[in-house]
Amino acid sequence: MTTQKQTLGEFIIENQSSFRYSSGELSRLINSIRLAAKVVNHEVNKAGLVDILGTAGDTNIQGEDQQKLDVYANEKFIQTLTKRNIVCGIASEEEDSFITINSQDENNQNKYVVLIDPLDGSSNIDVNVSVGTIFSIYRRITPVGTPVQLEDFLQKGSEQVAAGYVVYGTSTMLVYTTGYGVNGFTLNPAIGSFYLSHPNMKFPEDGNIYSVNEGNYLDFPLGIKKYIKYCQEEAGERPYTSRYIGSLVSDFHRNMIKGGIYMYPKGSRNPNGKLRLLYECNPMAFIAEQANGKSSDGYTRTMDVEPTELHQRVSFVCGSKNMVEKVEEFMREFGE
Ligand code: P6P
């Protein structure tokens with residue numbers, strides 16, 4: 001008889017005591033993300049069938065066309081987090097500034113802030129390629145009961161208390177860490193429950209998959225160009241393969257399971273890189289490190305970067321430890 005896999009709810013209860021500051025609020029916060037993920041998953045999965053494709057007519061602070069599903073996902077996560085009355089503030093890729101929650105309630109004892117990319121890879125929506133949600137959770141640093149401040153969000157990645165992603169792929173998975181390893185849960189859409197399908201996920205120390213948009217090759221720093229050539233020309237010893245979906249969550253997830261590296265370096269078109277530090281790079285870096293992987297900008301550990309603004313971008317190199325260290329070696333030797 002096959003043993004019943006543990007549900008996400010059971011896992012949270014069982015591990016409640018191991019959460020730092022185990023007040024139960026973090027568990028409720030993860031639970032609210034679980035609910036929002038199921039709601040968004042439902043829409044993503046039927047996107048091709050209803051008029052929810054295409055742009056919403058607006059652009060976000062990034063100047064990118066907001067896809068209707070972007071807007072929908074953003075609304076659902078904000079609604080769910082707000083209604084559960086757990087957080088004091090939310091920052092989102094789709095919102096120009098952070099959102100203050102319940103500041104008028106002096107009894108508001110909520111001590112967490114959430115930063116979120118509600119639907120990463122949204123340019124893939126219309127072509128039916130996987131997309132994802134990325135979230136990052138911190139304890140506030142300003143006094144509880146007062147309105148949340150920008151400094152509550154501009155914390156180094158090393159201060160995160162939890163981080164995770166949802167990948168809306170051939171199956172929908174929620175993968176997250178609270179600082180005690182990385183666990184993956186797969187949604188059974190028939191009953192709407194997430195089951196522990198990938199316990200204690202680890203990046204292989206080495207791998208042969210490199211994920212980068214080689215269309216930007218001429219734009220890359222010399223160290224990155226040298227690493228890409230190393231992957232291609234050392235093929236005799238270790239045949240590398242290039243895999244780039246154009247959806248960070250999907251490339252990261254595959255690389256964590258098979259071994260590999262994801263790179264989005266800076267270039268003339270993206271002088272600081274393209275990916276956002278606070279709600280893309282830091283949460284993925286936290287997960288990577290918790291899974292024995294590594295993450296940096298080619299020089300500095302991603303989670304050590306001191307944030308200066310909500311939507312700041314950084315160069316991002318993340319994945320199997322030995323592969324990231326090889327890139328850093330090339331960057332030290334050849335630099336920009
Ligand atoms: P490009 C999606 O917009 C995203 O933020 C990541 O998910 C993805 O890896 C990257 O940008 C794709 O960017 O410039 O290669 O299309």
# chains A, B, ... in the order shown; residues from 1 in each chain; ligands from 1
call {"tool": "closest_atom_pairs", "arguments": {"of": "chain A", "to": "ligand 1", "cutoff": "9 Å", "atoms": "only C-alpha atoms and all ligand atoms", "output": "JSON lines"}}
result
{"residue": "A:Glu64", "atom": "CA", "partner": "ligand 1", "partner_atom_place_in_ligand_line": "3 (O)", "distance": 8.9}
{"residue": "A:Leu119", "atom": "CA", "partner": "ligand 1", "partner_atom_place_in_ligand_line": "7 (O)", "distance": 8.8}
{"residue": "A:Asp120", "atom": "CA", "partner": "ligand 1", "partner_atom_place_in_ligand_line": "7 (O)", "distance": 5.1}
{"residue": "A:Gly121", "atom": "CA", "partner": "ligand 1", "partner_atom_place_in_ligand_line": "2 (C)", "distance": 3.6}
{"residue": "A:Ser122", "atom": "CA", "partner": "ligand 1", "partner_atom_place_in_ligand_line": "3 (O)", "distance": 6.3}
{"residue": "A:Ser123", "atom": "CA", "partner": "ligand 1", "partner_atom_place_in_ligand_line": "3 (O)", "distance": 6.3}
{"residue": "A:Asn124", "atom": "CA", "partner": "ligand 1", "partner_atom_place_in_ligand_line": "2 (C)", "distance": 8.1}
{"residue": "A:Val131", "atom": "CA", "partner": "ligand 1", "partner_atom_place_in_ligand_line": "7 (O)", "distance": 7.6}
{"residue": "A:Gly132", "atom": "CA", "partner": "ligand 1", "partner_atom_place_in_ligand_line": "7 (O)", "distance": 8.0}
{"residue": "A:Ser211", "atom": "CA", "partner": "ligand 1", "partner_atom_place_in_ligand_line": "9 (O)", "distance": 8.5}
{"residue": "A:Val212", "atom": "CA", "partner": "ligand 1", "partner_atom_place_in_ligand_line": "15 (O)", "distance": 7.1}
{"residue": "A:Asn213", "atom": "CA", "partner": "ligand 1", "partner_atom_place_in_ligand_line": "15 (O)", "distance": 4.8}
{"residue": "A:Glu214", "atom": "CA", "partner": "ligand 1", "partner_atom_place_in_ligand_line": "15 (O)", "distance": 8.3}
{"residue": "A:Gly215", "atom": "CA", "partner": "ligand 1", "partner_atom_place_in_ligand_line": "15 (O)", "distance": 8.0}
{"residue": "A:Asn216", "atom": "CA", "partner": "ligand 1", "partner_atom_place_in_ligand_line": "15 (O)", "distance": 8.1}
{"residue": "A:Tyr244", "atom": "CA", "partner": "ligand 1", "partner_atom_place_in_ligand_line": "9 (O)", "distance": 7.6}
{"residue": "A:Ile245", "atom": "CA", "partner": "ligand 1", "partner_atom_place_in_ligand_line": "9 (O)", "distance": 7.1}
{"residue": "A:Gly246", "atom": "CA", "partner": "ligand 1", "partner_atom_place_in_ligand_line": "12 (C)", "distance": 4.3}
{"residue": "A:Ser247", "atom": "CA", "partner": "ligand 1", "partner_atom_place_in_ligand_line": "7 (O)", "distance": 3.6}
{"residue": "A:Leu248", "atom": "CA", "partner": "ligand 1", "partner_atom_place_in_ligand_line": "7 (O)", "distance": 3.6}
{"residue": "A:Val249", "atom": "CA", "partner": "ligand 1", "partner_atom_place_in_ligand_line": "7 (O)", "distance": 6.3}
{"residue": "A:Ser250", "atom": "CA", "partner": "ligand 1", "partner_atom_place_in_ligand_line": "7 (O)", "distance": 8.0}
{"residue": "A:Asp251", "atom": "CA", "partner": "ligand 1", "partner_atom_place_in_ligand_line": "9 (O)", "distance": 7.2}
{"residue": "A:Phe252", "atom": "CA", "partner": "ligand 1", "partner_atom_place_in_ligand_line": "9 (O)", "distance": 8.8}
{"residue": "A:Tyr262", "atom": "CA", "partner": "ligand 1", "partner_atom_place_in_ligand_line": "9 (O)", "distance": 8.2}
{"residue": "A:Met263", "atom": "CA", "partner": "ligand 1", "partner_atom_place_in_ligand_line": "9 (O)", "distance": 8.5}
{"residue": "A:Tyr264", "atom": "CA", "partner": "ligand 1", "partner_atom_place_in_ligand_line": "9 (O)", "distance": 7.4}
{"residue": "A:Lys274", "atom": "CA", "partner": "ligand 1", "partner_atom_place_in_ligand_line": "11 (O)", "distance": 6.8}
{"residue": "A:Leu275", "atom": "CA", "partner": "ligand 1", "partner_atom_place_in_ligand_line": "5 (O)", "distance": 5.6}
{"residue": "A:Arg276", "atom": "CA", "partner": "ligand 1", "partner_atom_place_in_ligand_line": "5 (O)", "distance": 8.0}
{"residue": "A:Glu280", "atom": "CA", "partner": "ligand 1", "partner_atom_place_in_ligand_line": "5 (O)", "distance": 7.8}
call {"tool": "residues_around", "arguments": {"residues": "Ala37 of chain A", "least_positions_apart": "2", "cutoff": "9 Å", "atoms": "only C-alpha atoms", "output": "MDAnalysis selection string"}}
result
chainID A and resid 32:35 39:42 73 76:77 133 166 172 174
call {"tool": "write_last_selection", "arguments": {"atoms": "N, CA and C atoms", "output": "compact mmCIF listing (two decimals), in the first residue's frame"}}
result
# COMPACT_ATOMS: atom_id res chain seq x y z
N SER A 32 -1.29 31.33 3.84
CA SER A 32 -2.02 32.30 2.99
C SER A 32 -1.41 32.32 1.60
N ILE A 33 -0.11 32.12 1.52
CA ILE A 33 0.54 32.05 0.20
C ILE A 33 0.08 30.80 -0.53
N ARG A 34 -0.10 29.73 0.23
CA ARG A 34 -0.59 28.47 -0.36
C ARG A 34 -1.96 28.69 -1.00
N LEU A 35 -2.83 29.41 -0.30
CA LEU A 35 -4.19 29.65 -0.82
C LEU A 35 -4.11 30.49 -2.09
N VAL A 39 -5.32 29.75 -6.13
CA VAL A 39 -6.24 30.61 -6.89
C VAL A 39 -5.58 31.05 -8.19
N VAL A 40 -4.33 31.48 -8.11
CA VAL A 40 -3.62 31.94 -9.32
C VAL A 40 -3.41 30.77 -10.26
N ASN A 41 -3.06 29.62 -9.70
CA ASN A 41 -2.85 28.42 -10.53
C ASN A 41 -4.09 28.13 -11.38
N HIS A 42 -5.25 28.28 -10.76
CA HIS A 42 -6.50 28.00 -11.48
C HIS A 42 -6.62 28.89 -12.72
N ALA A 73 -2.71 38.10 -10.60
CA ALA A 73 -1.89 37.44 -9.56
C ALA A 73 -1.52 38.43 -8.47
N LYS A 76 -4.52 39.01 -6.25
CA LYS A 76 -4.87 37.84 -5.41
C LYS A 76 -3.92 37.70 -4.22
N PHE A 77 -2.61 37.84 -4.49
CA PHE A 77 -1.66 37.69 -3.38
C PHE A 77 -1.84 38.82 -2.37
N THR A 133 5.65 32.44 -9.29
CA THR A 133 5.53 33.48 -8.26
C THR A 133 6.74 33.35 -7.35
N VAL A 166 6.47 29.58 -6.43
CA VAL A 166 5.47 28.67 -6.99
C VAL A 166 5.83 28.56 -8.48
N THR A 172 1.99 22.05 -10.72
CA THR A 172 2.21 23.27 -9.93
C THR A 172 2.88 22.89 -8.63
N LEU A 174 4.98 24.30 -4.98
CA LEU A 174 5.38 25.35 -4.04
C LEU A 174 6.67 24.86 -3.39
call {"tool": "residues_around", "arguments": {"residues": "Ala288 of chain A", "least_positions_apart": "6", "cutoff": "10 Å", "atoms": "only C-alpha atoms", "output": "mmCIF file with N, CA, C and O atoms, in the first residue's frame"}}
result
data_model
loop_
_atom_site.group_PDB
_atom_site.id
_atom_site.type_symbol
_atom_site.label_atom_id
_atom_site.label_comp_id
_atom_site.auth_asym_id
_atom_site.auth_seq_id
_atom_site.Cartn_x
_atom_site.Cartn_y
_atom_site.Cartn_z
ATOM 1 N N THR A 177 11.680 27.764 1.860
ATOM 2 C CA THR A 177 12.573 27.523 2.994
ATOM 3 C C THR A 177 12.233 28.504 4.106
ATOM 4 O O THR A 177 11.760 29.611 3.843
ATOM 5 N N GLY A 181 16.481 24.247 5.462
ATOM 6 C CA GLY A 181 16.423 23.386 4.281
ATOM 7 C C GLY A 181 15.300 23.812 3.342
ATOM 8 O O GLY A 181 14.535 24.749 3.632
ATOM 9 N N VAL A 182 15.219 23.114 2.221
ATOM 10 C CA VAL A 182 14.266 23.468 1.155
ATOM 11 C C VAL A 182 13.355 22.269 0.905
ATOM 12 O O VAL A 182 13.843 21.133 0.774
ATOM 13 N N MET A 201 15.394 19.379 -0.633
ATOM 14 C CA MET A 201 15.959 19.555 -1.983
ATOM 15 C C MET A 201 17.387 20.096 -1.888
ATOM 16 O O MET A 201 17.672 20.954 -1.030
ATOM 17 N N LYS A 202 18.274 19.594 -2.713
ATOM 18 C CA LYS A 202 19.662 20.038 -2.718
ATOM 19 C C LYS A 202 20.155 20.267 -4.147
ATOM 20 O O LYS A 202 19.857 19.448 -5.034
ATOM 21 N N PHE A 203 20.911 21.381 -4.346
ATOM 22 C CA PHE A 203 21.601 21.556 -5.619
ATOM 23 C C PHE A 203 22.746 20.544 -5.689
ATOM 24 O O PHE A 203 23.533 20.467 -4.727
ATOM 25 N N PHE A 252 15.604 27.925 -12.701
ATOM 26 C CA PHE A 252 16.176 27.668 -11.365
ATOM 27 C C PHE A 252 15.744 26.280 -10.857
ATOM 28 O O PHE A 252 16.562 25.478 -10.395
ATOM 29 N N HIS A 253 14.450 25.983 -10.999
ATOM 30 C CA HIS A 253 13.906 24.725 -10.480
ATOM 31 C C HIS A 253 14.570 23.532 -11.174
ATOM 32 O O HIS A 253 15.010 22.585 -10.521
ATOM 33 N N MET A 256 18.161 23.202 -9.994
ATOM 34 C CA MET A 256 18.302 22.682 -8.620
ATOM 35 C C MET A 256 18.144 21.155 -8.632
ATOM 36 O O MET A 256 18.836 20.441 -7.905
ATOM 37 N N ASN A 282 17.126 37.840 -4.105
ATOM 38 C CA ASN A 282 17.321 37.436 -2.704
ATOM 39 C C ASN A 282 16.550 36.173 -2.321
ATOM 40 O O ASN A 282 17.123 35.255 -1.716
ATOM 41 N N LYS A 294 24.776 28.266 -4.472
ATOM 42 C CA LYS A 294 25.457 29.534 -4.206
ATOM 43 C C LYS A 294 24.845 30.613 -5.086
ATOM 44 O O LYS A 294 24.262 30.304 -6.138
ATOM 45 N N SER A 295 24.971 31.865 -4.681
ATOM 46 C CA SER A 295 24.411 32.970 -5.460
ATOM 47 C C SER A 295 25.216 34.240 -5.232
ATOM 48 O O SER A 295 25.515 34.601 -4.091
ATOM 49 N N CYS A 318 23.569 32.157 -10.161
ATOM 50 C CA CYS A 318 22.991 31.351 -9.057
ATOM 51 C C CYS A 318 22.864 29.899 -9.485
ATOM 52 O O CYS A 318 22.401 29.607 -10.597
ATOM 53 N N GLY A 319 23.252 28.998 -8.589
ATOM 54 C CA GLY A 319 23.042 27.575 -8.883
ATOM 55 C C GLY A 319 24.049 26.701 -8.184
ATOM 56 O O GLY A 319 24.441 26.986 -7.034
ATOM 57 N N SER A 320 24.481 25.638 -8.862
ATOM 58 C CA SER A 320 25.420 24.670 -8.281
ATOM 59 C C SER A 320 26.693 25.369 -7.823
ATOM 60 O O SER A 320 27.281 26.171 -8.569
ATOM 61 N N LYS A 321 27.099 25.059 -6.617
ATOM 62 C CA LYS A 321 28.192 25.764 -5.942
ATOM 63 C C LYS A 321 29.447 25.842 -6.791
ATOM 64 O O LYS A 321 30.007 26.931 -7.017
#
call {"tool": "closest_residue", "arguments": {"among": "A:Tyr210, A:Phe286, A:Tyr279, A:Phe98", "to": "Gln160 of chain A", "atoms": "only C-alpha atoms"}}
result
A:Phe286
call {"tool": "closest_residue", "arguments": {"among": "A:Ile257, A:Ser296, A:Ser268, A:Gly179", "to": "Tyr217 of chain A", "atoms": "only C-alpha atoms"}}
result
A:Ser268
call {"tool": "residues_around", "arguments": {"residues": "Glu151 of chain A", "least_positions_apart": "6", "cutoff": "10 Å", "atoms": "only C-alpha atoms", "output": "PDB file with all heavy atoms, in the first residue's frame"}}
result
ATOM      1  N   ARG A 140       9.667  42.886  10.392  1.00  0.00           N
ATOM      2  CA  ARG A 140       9.850  44.342  10.304  1.00  0.00           C
ATOM      3  C   ARG A 140      10.934  44.779  11.289  1.00  0.00           C
ATOM      4  O   ARG A 140      11.158  44.105  12.313  1.00  0.00           O
ATOM      5  CB  ARG A 140       8.536  45.059  10.604  1.00  0.00           C
ATOM      6  CG  ARG A 140       8.043  44.948  12.012  1.00  0.00           C
ATOM      7  CD  ARG A 140       6.746  45.689  12.228  1.00  0.00           C
ATOM      8  NE  ARG A 140       6.896  47.128  11.904  1.00  0.00           N
ATOM      9  CZ  ARG A 140       5.875  47.994  11.908  1.00  0.00           C
ATOM     10  NH1 ARG A 140       4.648  47.592  12.185  1.00  0.00           N
ATOM     11  NH2 ARG A 140       6.057  49.263  11.598  1.00  0.00           N
ATOM     12  N   ILE A 141      11.599  45.897  11.011  1.00  0.00           N
ATOM     13  CA  ILE A 141      12.624  46.389  11.954  1.00  0.00           C
ATOM     14  C   ILE A 141      12.164  47.676  12.645  1.00  0.00           C
ATOM     15  O   ILE A 141      12.781  48.096  13.621  1.00  0.00           O
ATOM     16  CB  ILE A 141      13.980  46.630  11.247  1.00  0.00           C
ATOM     17  CG1 ILE A 141      13.829  47.509   9.994  1.00  0.00           C
ATOM     18  CG2 ILE A 141      14.617  45.289  10.887  1.00  0.00           C
ATOM     19  CD1 ILE A 141      15.152  47.794   9.284  1.00  0.00           C
ATOM     20  N   THR A 142      11.042  48.266  12.144  1.00  0.00           N
ATOM     21  CA  THR A 142      10.507  49.449  12.837  1.00  0.00           C
ATOM     22  C   THR A 142       9.499  48.965  13.892  1.00  0.00           C
ATOM     23  O   THR A 142       9.046  47.824  13.840  1.00  0.00           O
ATOM     24  CB  THR A 142       9.808  50.382  11.824  1.00  0.00           C
ATOM     25  OG1 THR A 142       8.839  49.624  11.098  1.00  0.00           O
ATOM     26  CG2 THR A 142      10.840  50.983  10.867  1.00  0.00           C
ATOM     27  N   PRO A 307      20.622  46.740   0.157  1.00  0.00           N
ATOM     28  CA  PRO A 307      19.624  47.346  -0.729  1.00  0.00           C
ATOM     29  C   PRO A 307      19.556  48.869  -0.559  1.00  0.00           C
ATOM     30  O   PRO A 307      19.709  49.384   0.553  1.00  0.00           O
ATOM     31  CB  PRO A 307      18.302  46.713  -0.275  1.00  0.00           C
ATOM     32  CG  PRO A 307      18.693  45.507   0.515  1.00  0.00           C
ATOM     33  CD  PRO A 307      20.001  45.851   1.151  1.00  0.00           C
ATOM     34  N   THR A 308      19.339  49.570  -1.681  1.00  0.00           N
ATOM     35  CA  THR A 308      19.205  51.029  -1.610  1.00  0.00           C
ATOM     36  C   THR A 308      17.840  51.481  -2.120  1.00  0.00           C
ATOM     37  O   THR A 308      17.373  52.551  -1.782  1.00  0.00           O
ATOM     38  CB  THR A 308      20.298  51.709  -2.465  1.00  0.00           C
ATOM     39  OG1 THR A 308      20.240  51.128  -3.791  1.00  0.00           O
ATOM     40  CG2 THR A 308      21.672  51.463  -1.860  1.00  0.00           C
ATOM     41  N   GLU A 309      17.201  50.645  -2.979  1.00  0.00           N
ATOM     42  CA  GLU A 309      15.854  51.031  -3.424  1.00  0.00           C
ATOM     43  C   GLU A 309      15.029  49.779  -3.718  1.00  0.00           C
ATOM     44  O   GLU A 309      15.559  48.697  -3.957  1.00  0.00           O
ATOM     45  CB  GLU A 309      15.936  51.930  -4.663  1.00  0.00           C
ATOM     46  CG  GLU A 309      16.746  51.327  -5.807  1.00  0.00           C
ATOM     47  CD  GLU A 309      16.891  52.330  -6.975  1.00  0.00           C
ATOM     48  OE1 GLU A 309      17.582  53.346  -6.806  1.00  0.00           O
ATOM     49  OE2 GLU A 309      16.274  52.058  -8.026  1.00  0.00           O
ATOM     50  N   LEU A 310      13.708  49.960  -3.670  1.00  0.00           N
ATOM     51  CA  LEU A 310      12.764  48.842  -3.710  1.00  0.00           C
ATOM     52  C   LEU A 310      12.923  47.992  -4.960  1.00  0.00           C
ATOM     53  O   LEU A 310      12.885  46.767  -4.889  1.00  0.00           O
ATOM     54  CB  LEU A 310      11.337  49.417  -3.643  1.00  0.00           C
ATOM     55  CG  LEU A 310      10.242  48.589  -2.979  1.00  0.00           C
ATOM     56  CD1 LEU A 310      10.666  48.039  -1.645  1.00  0.00           C
ATOM     57  CD2 LEU A 310       8.983  49.443  -2.825  1.00  0.00           C
TER      58      LEU A 310
END
call {"tool": "closest_residue", "arguments": {"among": "A:Ser27, A:Lys226, A:Glu306, A:Val44", "to": "Val127 of chain A", "atoms": "only C-alpha atoms"}}
result
A:Val44
call {"tool": "atom_distance", "arguments": {"atom1": "atom CA of Val317 of chain A", "atom2": "atom CA of Ile228 of chain A"}}
result
12.6 Å
call {"tool": "residues_around", "arguments": {"residues": "Asp206 of chain A", "least_positions_apart": "6", "cutoff": "10 Å", "atoms": "only C-alpha atoms", "output": "NGL selection string"}}
result
:A and (258-261 or 293 or 319-324)
call {"tool": "write_last_selection", "arguments": {"atoms": "N, CA and C atoms", "output": "tab-separated table (two decimals), in the first residue's frame"}}
result
chain	number	residue	atom	x	y	z
A	258	LYS	N	18.62	19.08	-11.38
A	258	LYS	CA	19.61	18.38	-12.23
A	258	LYS	C	21.04	18.88	-12.04
A	259	GLY	N	21.21	20.02	-11.44
A	259	GLY	CA	22.55	20.63	-11.39
A	259	GLY	C	22.69	21.62	-12.52
A	260	GLY	N	23.07	22.84	-12.22
A	260	GLY	CA	23.20	23.84	-13.28
A	260	GLY	C	23.37	25.24	-12.70
A	261	ILE	N	23.51	26.19	-13.63
A	261	ILE	CA	23.73	27.58	-13.22
A	261	ILE	C	22.87	28.49	-14.07
A	293	GLY	N	23.55	25.37	-2.64
A	293	GLY	CA	23.98	26.06	-3.85
A	293	GLY	C	24.63	27.38	-3.48
A	319	GLY	N	23.25	29.00	-8.59
A	319	GLY	CA	23.04	27.58	-8.88
A	319	GLY	C	24.05	26.70	-8.18
A	320	SER	N	24.48	25.64	-8.86
A	320	SER	CA	25.42	24.67	-8.28
A	320	SER	C	26.69	25.37	-7.82
A	321	LYS	N	27.10	25.06	-6.62
A	321	LYS	CA	28.19	25.76	-5.94
A	321	LYS	C	29.45	25.84	-6.79
A	322	ASN	N	29.91	24.71	-7.31
A	322	ASN	CA	31.18	24.70	-8.07
A	322	ASN	C	31.08	25.52	-9.36
A	323	MET	N	29.87	25.57	-9.94
A	323	MET	CA	29.70	26.32	-11.19
A	323	MET	C	29.73	27.82	-10.91
A	324	VAL	N	29.06	28.24	-9.82
A	324	VAL	CA	29.08	29.66	-9.45
A	324	VAL	C	30.51	30.08	-9.11
call {"tool": "closest_residue", "arguments": {"among": "A:Ile30, A:Val71, A:Val144, A:Gln149", "to": "Gly89 of chain A", "atoms": "only C-alpha atoms"}}
result
A:Gln149
call {"tool": "select_by_dssp", "arguments": {"residues": "segment 87-280 of chain A", "states": "alpha helix (DSSP H)", "output": "compact mmCIF listing (two decimals) with C-alpha atoms, in the first residue's frame"}}
result
# COMPACT_ATOMS: atom_id res chain seq x y z
CA LEU A 222 34.45 39.56 -20.35
CA GLY A 223 34.44 37.16 -17.37
CA ILE A 224 30.98 35.88 -18.35
CA LYS A 225 31.99 35.54 -22.02
CA LYS A 226 35.03 33.51 -20.91
CA TYR A 227 32.84 31.26 -18.73
CA ILE A 228 30.37 30.59 -21.57
CA LYS A 229 33.28 29.66 -23.87
CA TYR A 230 34.66 27.44 -21.06
CA CYS A 231 31.31 25.60 -20.98
CA GLN A 232 31.32 25.22 -24.76
CA GLU A 233 35.01 24.42 -25.31
CA LEU A 248 13.70 32.34 -13.83
CA VAL A 249 11.60 30.09 -11.62
CA SER A 250 11.55 27.29 -14.21
CA ASP A 251 15.26 27.51 -15.06
CA PHE A 252 16.18 27.67 -11.36
CA HIS A 253 13.91 24.72 -10.48
CA ARG A 254 15.34 22.48 -13.22
CA ASN A 255 18.90 23.46 -12.32
CA MET A 256 18.30 22.68 -8.62
CA ILE A 257 17.06 19.20 -9.49
CA LYS A 258 19.61 18.38 -12.23
call {"tool": "residues_around", "arguments": {"residues": "Gln4 of chain A", "least_positions_apart": "4", "cutoff": "12 Å", "atoms": "only C-alpha atoms", "output": "number ranges by chain"}}
result
A: 10, 195-197
call {"tool": "select_by_dssp", "arguments": {"residues": "segment 65-144 of chain A", "states": "strand (DSSP E or B)", "output": "list in words"}}
result
Asp65, Gln66, Gln67, Val87, Cys88, Gly89, Ile90, Ala91, Ser92, Ile99, Thr100, Tyr112, Val113, Val114, Leu115, Ile116, Asp117, Pro118, Leu119, Asp120, Val131, Gly132, Thr133, Ile134, Phe135, Ser136, Ile137, Tyr138 and Arg139 of chain A
call {"tool": "decode", "arguments": {"residues": "segment 272-278 of chain A", "atoms": "all heavy atoms", "output": "mmCIF file, in the first residue's frame"}}
result
data_model
loop_
_atom_site.group_PDB
_atom_site.id
_atom_site.type_symbol
_atom_site.label_atom_id
_atom_site.label_comp_id
_atom_site.auth_asym_id
_atom_site.auth_seq_id
_atom_site.Cartn_x
_atom_site.Cartn_y
_atom_site.Cartn_z
ATOM 1 N N ASN A 272 22.681 47.540 -14.635
ATOM 2 C CA ASN A 272 22.794 46.939 -13.289
ATOM 3 C C ASN A 272 22.280 45.504 -13.283
ATOM 4 O O ASN A 272 22.010 44.942 -12.239
ATOM 5 C CB ASN A 272 21.981 47.777 -12.278
ATOM 6 C CG ASN A 272 22.532 49.187 -12.179
ATOM 7 O OD1 ASN A 272 23.735 49.385 -12.047
ATOM 8 N ND2 ASN A 272 21.658 50.172 -12.302
ATOM 9 N N GLY A 273 22.082 44.931 -14.476
ATOM 10 C CA GLY A 273 21.436 43.622 -14.550
ATOM 11 C C GLY A 273 19.953 43.834 -14.764
ATOM 12 O O GLY A 273 19.454 44.971 -14.721
ATOM 13 N N LYS A 274 19.192 42.772 -14.967
ATOM 14 C CA LYS A 274 17.745 42.897 -15.221
ATOM 15 C C LYS A 274 16.925 42.489 -14.002
ATOM 16 O O LYS A 274 15.890 43.069 -13.707
ATOM 17 C CB LYS A 274 17.336 42.029 -16.414
ATOM 18 C CG LYS A 274 15.832 42.063 -16.660
ATOM 19 C CD LYS A 274 15.367 41.139 -17.753
ATOM 20 C CE LYS A 274 13.861 41.259 -17.931
ATOM 21 N NZ LYS A 274 13.320 40.256 -18.880
ATOM 22 N N LEU A 275 17.384 41.477 -13.295
ATOM 23 C CA LEU A 275 16.577 40.926 -12.216
ATOM 24 C C LEU A 275 16.618 41.820 -10.990
ATOM 25 O O LEU A 275 17.622 42.483 -10.703
ATOM 26 C CB LEU A 275 17.064 39.518 -11.855
ATOM 27 C CG LEU A 275 17.015 38.487 -12.993
ATOM 28 C CD1 LEU A 275 17.321 37.110 -12.451
ATOM 29 C CD2 LEU A 275 15.676 38.484 -13.702
ATOM 30 N N ARG A 276 15.491 41.822 -10.263
ATOM 31 C CA ARG A 276 15.359 42.698 -9.105
ATOM 32 C C ARG A 276 15.879 41.990 -7.857
ATOM 33 O O ARG A 276 15.582 40.832 -7.607
ATOM 34 C CB ARG A 276 13.888 43.076 -8.918
ATOM 35 C CG ARG A 276 13.454 44.276 -9.746
ATOM 36 C CD ARG A 276 13.387 44.042 -11.239
ATOM 37 N NE ARG A 276 12.462 43.022 -11.626
ATOM 38 C CZ ARG A 276 11.924 42.921 -12.849
ATOM 39 N NH1 ARG A 276 12.274 43.777 -13.766
ATOM 40 N NH2 ARG A 276 11.096 41.955 -13.129
ATOM 41 N N LEU A 277 16.664 42.734 -7.081
ATOM 42 C CA LEU A 277 17.338 42.173 -5.900
ATOM 43 C C LEU A 277 16.337 41.664 -4.872
ATOM 44 O O LEU A 277 16.430 40.529 -4.394
ATOM 45 C CB LEU A 277 18.233 43.240 -5.254
ATOM 46 C CG LEU A 277 18.852 42.873 -3.905
ATOM 47 C CD1 LEU A 277 19.796 41.689 -4.045
ATOM 48 C CD2 LEU A 277 19.585 44.075 -3.295
ATOM 49 N N LEU A 278 15.328 42.487 -4.524
ATOM 50 C CA LEU A 278 14.526 42.221 -3.321
ATOM 51 C C LEU A 278 13.489 41.119 -3.479
ATOM 52 O O LEU A 278 13.233 40.366 -2.547
ATOM 53 C CB LEU A 278 13.837 43.511 -2.851
ATOM 54 C CG LEU A 278 14.793 44.571 -2.321
ATOM 55 C CD1 LEU A 278 14.024 45.815 -1.887
ATOM 56 C CD2 LEU A 278 15.620 44.056 -1.153
#
